[in-house]
Structures are given as C-alpha cells and as structure tokens.
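Here is the structure we will look at, set down as structure tokens.
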Amino acid sequence: MRQLSGLSVEHVRLPDERFEYKVVGTSHYLALHDIELQDGEAELANGARSHCHSLADRLTFVPAGCQVAGWSVPKNRRNSFTALYFDATTLVEEFRTGFTASSPPPFLYAFDPSLRTTLEKLANAVSTGVGAAHLESLCLVAVGELLQIRPSVSAQRLSEAQMDRLLEFVEAHLEDDLSVEDLAKVLDLSRFHFSRIFKTTTSRSPYQFLLERRIRRSMDLLRSSTLSIADIATKCGFRSVPQFEEAFRRSMGTRPIRYRADLG
C-alpha cells in the first residue's frame with residue numbers, strides 16, 4: 001500500500017476460493033474492480049444490494065462509517081481491484097477554500113467512464129511504482145471527480161514570484177521523491193487548489209512539471225559529468241534506472257546512454 005497525506009492506495013489480488021467480508025471503514029473507499037464471480041452477493045448499510053457477477057470495470061464507493069458485507073466465489077482467473085482510501089476530514093479542509101463539493105451516496109458496481117479511466121491510470125501507477133507526485137495527482141483527480149468538485153470562484157493564476165519560488169524549491173530538492181503536497185506547501189496552498197491553479201498557469205500538471213525538470217537535469221549531467229546512468233537517475237529523483245530510461249526515451253526519443261554517446 002502506498003501512503004500519502006490523507007490518501008492511500010493499493011492493488012489487491014483476490015483469493016481463488018470463496019470468501020466472506022463485513023467491513024466498516026474509517027476512511028472513504030473508492031475501488032475499481034477487475035473481477036469475475038461464479039456467485040456472490042454484496043450489501044451496503046443503506047440497503048443497496050447486488051448479485052452482479054461480472055464486475056470488470058465497475059466502481060464501488062463506500063463512505064467512512066458505512067458497512068459493506070457480502071460473500072464471493074471468484075472465477076478461475078486473475079481477479080483484483082485497485083482501492084483508493086481517503087480521509088474526509090483532511091480533504092474537506094483542503095476543498096473548503098475556493099471550491100464546492102457534493103458527496104455522492106454509497107454505490108456498488110457502477111459504471112462511470114471518466115472516473116474509471118482515472119482509476120485505471122492509478123492502478124497502472126501503483127503497479128509500476130511511480131513517484132509520489134504522479135500518484136498523488138491521480139488520487140486527487142479521482143477524489144475530485146467522485147465529489148464533483150468545481151471551482152466556485154473565477155480561475156486564479158500563480159504570480160511570477162510564486163513560480164520563481166516554486167522553481168527554486170524544485171531545483172534544490174529534485175533528487176527527493178517530491179509530492180504535490182510538498183510543492184503546495186511552498187506556496188501555502190492546499191494540494192487540490194495548488195494543482196488546479198498550477199495547471200491554469202502552466203497548462204501542465206505538477207507531475208509533468210517535475211518530470212520536465214528531472215529530464216532537463218539529467219541531460220545536463222549526461223553532457224557534463226561521467227556519472228553512471230544509475231547515479232544520474234538517483235540525482236534526478238527517479239525511483240529506478242528503468243523508470244528513468246523510459247521517461248527519457250518518451251521525452252527525448254532515445255535512451256540516456258545513446259544520448260550521451262551521440263554527444264561525442
């Protein structure tokens with residue numbers, strides 16, 4: 001499970017045999033399922049009940065304090081789900097200033113193409129072990145879509161002084177696993193507010209901005225140093241050499257080692 005401030009996310013493989021569950025969570029729970037059942041039943045405390053067996057691409061939302069219970073007999077396949085847990089108290093504080101939100105009632109195995117796409121990206125991010133900023137950005141987008149959060153005031157933009165302060169912080173901490181929260185704190189903003197106005201200002205997400213700075217730093221090091229690819233990956237904040245090589249290839253169209261060789 002990956003833990004972030006007020007958020008956590010995990011990818012869970014289901015057992016192959018029949019199992020039962022009865023849970024009352026302390027956090028809000030949002031899940032994307034990739035599950036096929038031979039038989040089963042799920043029921044929420046509000047009386048909503050489902051006997052659905054094909055749960056692939058379906059979504060479940062269970063608010064904190066709401067009980068969900070049931071039993072399942074999975075089909076013989078790789079059954080799994082990706083779950084996002086978020087603390088309502090922490091996030092409501094963040095959303096209070098400048099945004100309006102409406103919390104939906106609990107639901108079982110619903111379809112929502114937009115939210116499903118976001119959670120698919122989140123599932124892939126968890127499985128590939130991306131950095132904190134990317135994972136946190138996807139979590140916040142998912143929560144925003146679920147709560148139907150919209151700006152309640154006219155769009156704001158970061159000032160030139162704020163952008164300079166942010167860039168100075170990023171350059172000084174680029175080798176750290178920076179999160180959206182780390183960036184937002186520099187400007188004394190909530191994560192959600194920061195993410196929205198940062199994208200309004202730059203047309204990029206915080207994650208894309210960090211990735212660009214990391215690629216730029218790596219290019220400088222490939223040109224001016226004899227550091228190994230592994231050392232450059234570490235100094236630029238990448239979690240592994242494969243992650244660095246893939247990000248560099250996507251950005252520059254070539255692998256780091258080839259880029260260095262072509263410099264002569």
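Note on naming: chains are A, B, ... as they come in the structure tokens, residues start from 1 per chain, ligands start from 1 in the order shown.
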Would you pick out the contacts of Ala56 in chain A at 8 Å or less, using only C-alpha atoms, so that residues sharing its chain but fewer than 5 positions from it are not included, and give the list as a list of chain:residue names?
A:His33, A:Asp34, A:Ile35, A:Glu36
Create the file for the chosen residues now, containing all heavy atoms and written as a compact mmCIF listing (two decimals), in the first residue's frame.
# COMPACT_ATOMS: atom_id res chain seq x y z
N HIS A 33 -12.87 -2.40 -9.96
CA HIS A 33 -12.78 -3.85 -9.92
C HIS A 33 -12.38 -4.44 -11.27
O HIS A 33 -12.78 -3.94 -12.33
CB HIS A 33 -14.13 -4.46 -9.52
CG HIS A 33 -14.70 -3.90 -8.26
ND1 HIS A 33 -14.21 -4.22 -7.01
CD2 HIS A 33 -15.71 -3.03 -8.04
CE1 HIS A 33 -14.90 -3.58 -6.09
NE2 HIS A 33 -15.82 -2.85 -6.69
N ASP A 34 -11.60 -5.51 -11.21
CA ASP A 34 -11.36 -6.38 -12.36
C ASP A 34 -11.63 -7.80 -11.87
O ASP A 34 -10.71 -8.58 -11.60
CB ASP A 34 -9.92 -6.23 -12.87
CG ASP A 34 -9.65 -7.09 -14.10
OD1 ASP A 34 -10.63 -7.59 -14.69
OD2 ASP A 34 -8.47 -7.27 -14.46
N ILE A 35 -12.92 -8.10 -11.71
CA ILE A 35 -13.34 -9.32 -11.02
C ILE A 35 -14.47 -9.99 -11.79
O ILE A 35 -15.40 -9.34 -12.26
CB ILE A 35 -13.83 -8.99 -9.58
CG1 ILE A 35 -12.70 -8.35 -8.76
CG2 ILE A 35 -14.37 -10.24 -8.89
CD1 ILE A 35 -13.16 -7.81 -7.41
N GLU A 36 -14.39 -11.32 -11.89
CA GLU A 36 -15.48 -12.13 -12.43
C GLU A 36 -15.81 -13.19 -11.37
O GLU A 36 -14.92 -13.89 -10.88
CB GLU A 36 -15.07 -12.81 -13.73
CG GLU A 36 -14.76 -11.85 -14.88
CD GLU A 36 -16.01 -11.18 -15.45
OE1 GLU A 36 -17.13 -11.70 -15.18
OE2 GLU A 36 -15.88 -10.17 -16.14
Taking the chain letters and numbering used in this document, name the residues of range 65-247 of chain A that DSSP puts in helix (DSSP H, G or I), as a PyMOL selection string.
chain A and resi 88-96+113-128+132-146+160-172+180-186+191-202+206-224+229-235+241-247
What's the 8 Å shell around range 223-230 of chain A, counting only C-alpha atoms, without same-chain residues fewer than 6 positions away, as a PDB file with all heavy atoms, in the first residue's frame?
ATOM      1  N   SER A 240      14.046   4.383 -10.146  1.00  0.00           N
ATOM      2  CA  SER A 240      14.833   3.265 -10.645  1.00  0.00           C
ATOM      3  C   SER A 240      15.421   3.627 -12.001  1.00  0.00           C
ATOM      4  O   SER A 240      14.968   4.576 -12.653  1.00  0.00           O
ATOM      5  CB  SER A 240      13.958   2.012 -10.792  1.00  0.00           C
ATOM      6  OG  SER A 240      12.994   2.203 -11.817  1.00  0.00           O
ATOM      7  N   VAL A 241      16.420   2.865 -12.436  1.00  0.00           N
ATOM      8  CA  VAL A 241      17.005   3.083 -13.761  1.00  0.00           C
ATOM      9  C   VAL A 241      15.985   2.834 -14.870  1.00  0.00           C
ATOM     10  O   VAL A 241      15.882   3.641 -15.802  1.00  0.00           O
ATOM     11  CB  VAL A 241      18.265   2.201 -13.949  1.00  0.00           C
ATOM     12  CG1 VAL A 241      18.738   2.241 -15.404  1.00  0.00           C
ATOM     13  CG2 VAL A 241      19.375   2.676 -13.023  1.00  0.00           C
ATOM     14  N   PRO A 256      19.073   7.247 -22.515  1.00  0.00           N
ATOM     15  CA  PRO A 256      20.131   8.117 -21.980  1.00  0.00           C
ATOM     16  C   PRO A 256      21.525   7.758 -22.460  1.00  0.00           C
ATOM     17  O   PRO A 256      22.326   8.637 -22.792  1.00  0.00           O
ATOM     18  CB  PRO A 256      19.991   7.927 -20.460  1.00  0.00           C
ATOM     19  CG  PRO A 256      18.585   7.500 -20.245  1.00  0.00           C
ATOM     20  CD  PRO A 256      18.206   6.711 -21.455  1.00  0.00           C
ATOM     21  N   ILE A 257      21.834   6.459 -22.502  1.00  0.00           N
ATOM     22  CA  ILE A 257      23.175   6.042 -22.898  1.00  0.00           C
ATOM     23  C   ILE A 257      23.456   6.392 -24.364  1.00  0.00           C
ATOM     24  O   ILE A 257      24.574   6.766 -24.732  1.00  0.00           O
ATOM     25  CB  ILE A 257      23.380   4.521 -22.628  1.00  0.00           C
ATOM     26  CG1 ILE A 257      24.877   4.175 -22.710  1.00  0.00           C
ATOM     27  CG2 ILE A 257      22.549   3.685 -23.572  1.00  0.00           C
ATOM     28  CD1 ILE A 257      25.186   2.795 -22.158  1.00  0.00           C
ATOM     29  N   ARG A 260      24.034  10.207 -24.585  1.00  0.00           N
ATOM     30  CA  ARG A 260      25.406  10.557 -24.179  1.00  0.00           C
ATOM     31  C   ARG A 260      26.399  10.188 -25.275  1.00  0.00           C
ATOM     32  O   ARG A 260      27.326  10.958 -25.569  1.00  0.00           O
ATOM     33  CB  ARG A 260      25.753   9.859 -22.867  1.00  0.00           C
ATOM     34  CG  ARG A 260      27.203   9.990 -22.451  1.00  0.00           C
ATOM     35  CD  ARG A 260      27.457   9.309 -21.125  1.00  0.00           C
ATOM     36  NE  ARG A 260      27.307  10.234 -20.010  1.00  0.00           N
ATOM     37  CZ  ARG A 260      27.330   9.875 -18.723  1.00  0.00           C
ATOM     38  NH1 ARG A 260      27.436   8.573 -18.406  1.00  0.00           N
ATOM     39  NH2 ARG A 260      27.237  10.764 -17.762  1.00  0.00           N
ATOM     40  N   LEU A 263      26.647  12.594 -28.139  1.00  0.00           N
ATOM     41  CA  LEU A 263      27.294  13.880 -27.863  1.00  0.00           C
ATOM     42  C   LEU A 263      28.762  13.861 -28.244  1.00  0.00           C
ATOM     43  O   LEU A 263      29.408  14.895 -28.322  1.00  0.00           O
ATOM     44  CB  LEU A 263      27.151  14.218 -26.365  1.00  0.00           C
ATOM     45  CG  LEU A 263      25.737  14.536 -25.879  1.00  0.00           C
ATOM     46  CD1 LEU A 263      25.731  14.679 -24.366  1.00  0.00           C
ATOM     47  CD2 LEU A 263      25.212  15.816 -26.523  1.00  0.00           C
TER      48      LEU A 263
END
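For the pair CA of Leu32 in chain A and CA of Leu211 in chain A, the separation is 27.0 Å.
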Excluding Arg250 in chain A and residues on its chain fewer than 5 positions from it, collect all residues at most 12 Å away from it, counting only C-alpha atoms, and give them as a list in words.
Leu211, Glu212, Ile215, Gln243, Phe244, Glu245, Arg255 and Pro256 of chain A
For Ile197 in chain A, which residue among A:Ala172, A:Val9, A:Ala142, A:Ser159 is the nearest when counting only C-alpha atoms?
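Among A:Ala172, A:Val9, A:Ala142, A:Ser159, it is A:Ser159 that comes nearest to Ile197 in chain A.
Distances from A:Leu167, A:Ala247, A:Val73, A:Val126 to Gln38 in chain A were compared using only C-alpha atoms, and the smallest one belongs to A:Val73.
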Find the residue from A:Gln208, A:Thr200, A:Thr60, A:Asn76 that sits nearest to Glu43 in chain A; use only C-alpha atoms when measuring.
A:Thr60
Residue nearest Val186 in chain A - candidates A:Ala132, A:Leu158, A:Leu166, A:Leu174, atoms counted: only C-alpha atoms:
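Smallest separation from Val186 in chain A among the options: A:Leu166.
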Considering only C-alpha atoms, return as a count of residues only whatever protein or nucleic-acid residues lie within 6 Å of Leu7 in chain A, sequence-local ones (same chain, fewer than 2 positions apart) excluded.
4
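If only C-alpha atoms are the atoms counted, then among A:Gly47, A:Gly65, A:Pro74, A:Pro106 the closest residue to Ala31 in chain A is A:Pro106.
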Interatomic distance, CA of Asp39 in chain A to CA of Gly70 in chain A (Å, one decimal):
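A separation of 11.0 Å between them.
Between Val62 in chain A and the residues A:Cys236, A:Leu222, A:Cys139, A:Ala48, the shortest atom-to-atom distance, using only C-alpha atoms, involves A:Ala48.
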